[in-house]
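Peer 1: Structure below; questions to follow.
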Amino acid sequence: MIDSKAFHSLSYGLYVVTAVDSDGRLVGCVANSFQQVTSTPPMVSVSLNKENATTKAILATGEYGITVLSTDADMELIGCFGFQTSADTDKYQNVDYSKCSLGLPYLMEASVARFSVKVTQTVDLPTHIMFIGDVVEAEPISDATPLTYDYYHNVIKGKTPPKAVSYIAEENPSNEKAPEPSSDGRIGWRCTLCGYIVEMEELPDDFTCPICGVGKEFFEKVTLD
Ligand code: FE
């Protein structure tokens with residue numbers, strides 16, 4: 001028996017994993033799978049989906065950066081790095097960032113600390129690649145509170161991206177039956193991918209989610225409190 005509720009007891013932080021691809025473009029994505037694996041020497045690991053542009057960049061260069069997100073991170077920032085793809089988006093266009101001595105970007109906003117990592121081992125998993133490596137730079141950025149996955153789900157009301165290691169398909173249905181609004185209730189639409197809610201009677205056909213970029217077919221009707 002595998003009861004998916006057991007996985008809910010696991011704790012995670014939320015991180016932006018950054019890299020520079022073979023064309024010199026800055027890429028990055030959100031991950032909850034970053035962790036320290038040894039202290040002497042200081043080593044860490046992160047697991048990323050094989051389809052991510054960031055994964056391909058790290059495979060090519062053997063280096064990645066980590067920004068530890070703070071509770072100041074909003075859905076616009078998380079949506080940009082977590083739900084859009086670096087393949088066709090410049091995710092750094094509207095964010096405040098700097099670069100480490102390896103040339104890897106790290107965020108200066110909504111940021112608690114940053115790490116720069118040189119990969120020493122890659123582990124090929126069915127859907128993900130785990131990058132284990134040496135920490136070559138580490139620095140606190142602010143005194144803000146680190147963002148946990150629990151805070152993201154319960155306070156920011158964010159959803160789990162399908163490529164995350166902790167994604168559980170049956171908990172993220174895209175075809176939930178829409179609740180019927182009460183006669184005096186306000187009507188809105190919720191993005192089933194990222195959780196974004198817009199208050200509107202009907203969505204225009206060309207509507208796209210400002211957070212994750214999907215079309216109106218991903219939205220479900222909800223009653224607003
Ligand atoms: Fe969305």
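Residue numbering restarts at 1 for every chain of the structure tokens, chains are lettered A, B, ... in their displayed order, and ligands are numbered from 1 as they appear.
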Please check which protein, DNA or RNA residues sit within 7 Å of ligand 1, counting only C-alpha atoms and all ligand atoms, and write them as JSON, numbers by chain.

Peer 2: {"A": [191, 192, 193, 194, 195, 196, 209, 210, 211, 212, 213, 214]}

Peer 1: Enumerate the residues of segment 47-178 of chain A with a DSSP assignment of helix (DSSP H, G or I), computed from the backbone, and present them as a list in words.

Peer 2: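 Filtering segment 47-178 of chain A down to helix (DSSP H, G or I) leaves Ala53, Thr54, Thr55, Lys56, Ala57, Ile58, Leu59, Ala60, Thr61, Met75, Glu76, Leu77, Ile78, Gly79, Cys80, Phe81, Gly82, Phe83, Tyr149, Asp150, Tyr151, Tyr152, His153, Asn154, Ala169, Glu170 and Glu171 of chain A.
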
Peer 1: Return as a list in words the full set of residues in segment 180-222 of chain A whose backbone-based DSSP assignment is strand (DSSP E).

Peer 2: Arg186, Ile187, Gly188, Trp189, Arg190, Cys191, Ile197, Val198, Glu199, Phe219, Glu220, Lys221 and Val222 of chain A

Peer 1: May I ask which of the residues A:Val198, A:Val20, A:Leu147, A:Met130 is the closest one to Ile78 of chain A, counting only C-alpha atoms?

Peer 2: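 Going through A:Val198, A:Val20, A:Leu147, A:Met130 one by one, the smallest distance to Ile78 of chain A is for A:Leu147.
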
Peer 1: Find, counting only C-alpha atoms, the residue in A:Lys50, A:Lys216, A:His8, A:Arg25 that gets nearest to Thr127 of chain A.

Peer 2: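 Counting only C-alpha atoms, the residue closest to Thr127 of chain A is A:Lys50.
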
Peer 1: Using only C-alpha atoms, determine which residues lie at most 8 Å from Thr120 of chain A, disregarding the query and same-chain residues fewer than 2 positions distant; provide the list as a VMD selection string.

Peer 2: chain A and resid 62 118 122 131 to 134

Peer 1: Atoms to include: all heavy atoms. Write the selected residues as a tab-separated table (two decimals), in the first residue's frame.

Peer 2:
```tsv
chain	number	residue	atom	x	y	z
A	62	GLY	N	27.62	21.71	-15.90
A	62	GLY	CA	28.08	21.15	-14.62
A	62	GLY	C	28.06	22.16	-13.47
A	62	GLY	O	28.76	21.95	-12.47
A	118	LYS	N	29.22	23.24	-7.93
A	118	LYS	CA	29.83	22.51	-9.06
A	118	LYS	C	29.43	21.05	-8.94
A	118	LYS	O	29.68	20.41	-7.92
A	118	LYS	CB	31.36	22.66	-9.01
A	118	LYS	CG	31.82	24.05	-9.43
A	118	LYS	CD	33.25	24.05	-9.94
A	118	LYS	CE	33.56	25.41	-10.53
A	118	LYS	NZ	34.76	25.47	-11.32
A	122	THR	N	25.91	12.98	-11.21
A	122	THR	CA	24.52	13.07	-11.63
A	122	THR	C	23.90	11.68	-11.49
A	122	THR	O	24.53	10.68	-11.83
A	122	THR	CB	24.37	13.54	-13.09
A	122	THR	OG1	25.05	12.62	-13.93
A	122	THR	CG2	24.95	14.92	-13.29
A	131	PHE	N	21.31	16.20	-9.20
A	131	PHE	CA	22.64	16.79	-9.33
A	131	PHE	C	23.26	16.95	-7.94
A	131	PHE	O	22.81	17.77	-7.14
A	131	PHE	CB	22.54	18.17	-10.00
A	131	PHE	CG	22.03	18.14	-11.41
A	131	PHE	CD1	20.73	18.52	-11.70
A	131	PHE	CD2	22.86	17.73	-12.46
A	131	PHE	CE1	20.26	18.50	-13.01
A	131	PHE	CE2	22.39	17.71	-13.77
A	131	PHE	CZ	21.09	18.09	-14.04
A	132	ILE	N	24.28	16.15	-7.66
A	132	ILE	CA	25.01	16.25	-6.39
A	132	ILE	C	26.27	17.05	-6.67
A	132	ILE	O	26.91	16.86	-7.71
A	132	ILE	CB	25.36	14.85	-5.87
A	132	ILE	CG1	24.08	14.02	-5.69
A	132	ILE	CG2	26.14	14.92	-4.55
A	132	ILE	CD1	24.31	12.54	-5.45
A	133	GLY	N	26.63	17.95	-5.75
A	133	GLY	CA	27.81	18.75	-6.04
A	133	GLY	C	28.42	19.43	-4.83
A	133	GLY	O	27.87	19.41	-3.72
A	134	ASP	N	29.59	20.04	-5.07
A	134	ASP	CA	30.31	20.80	-4.05
A	134	ASP	C	29.82	22.24	-4.02
A	134	ASP	O	29.69	22.87	-5.08
A	134	ASP	CB	31.81	20.83	-4.37
A	134	ASP	CG	32.44	19.46	-4.23
A	134	ASP	OD1	32.09	18.72	-3.28
A	134	ASP	OD2	33.28	19.10	-5.10
```

Peer 1: Smallest atom-to-atom distance to Pro162 of chain A: which of A:Lys5, A:Gly24, A:Tyr149, A:Phe83, using only C-alpha atoms?

Peer 2: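 Closest residue, counting only C-alpha atoms: A:Phe83.
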
Peer 1: Have a look at A:Ile156, A:Val112, A:Val46, A:Leu203 and name the one nearest to Gly215 of chain A; count only C-alpha atoms.

Peer 2: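 Nearest candidate to Gly215 of chain A out of A:Ile156, A:Val112, A:Val46, A:Leu203: A:Leu203.
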
Peer 1: For Thr148 of chain A, which residue out of A:Ile187, A:Val117, A:Leu69, A:Leu104 is the nearest one, using only C-alpha atoms?

Peer 2: A:Leu69

Peer 1: Please identify all polymer residues within 12 Å of Ala53 of chain A, counting only C-alpha atoms, omitting same-chain residues fewer than 6 positions from it, and present them as an MDAnalysis selection string.

Peer 2: chainID A and resid 17:23 25:30 59:60 81 84:91 163

Peer 1: Between A:Asn52, A:Thr71, A:Ser39, A:Ser111, which residue has the minimum interatomic distance to Asp96 of chain A, considering only C-alpha atoms?

Peer 2: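 Between A:Asn52, A:Thr71, A:Ser39, A:Ser111, the residue approaching Asp96 of chain A most closely is A:Ser111.
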
Peer 1: Env of Ala110 of chain A: 6 Å cut, atoms = only C-alpha atoms, seq-sep filter 5 positions within chain, self excluded. Answer as a list in words.

Peer 2: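 Residues near the query, excluding close chain neighbours: Leu69, Ser70, Asp72 and Ala73 of chain A.
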
Peer 1: Within 12 Å of Val136 of chain A, counting only C-alpha atoms, which residues qualify if same-chain residues fewer than 4 places away don't, as a PyMOL selection string?

Peer 2: chain A and resi 41-44+63-66+100-102+104+114-120
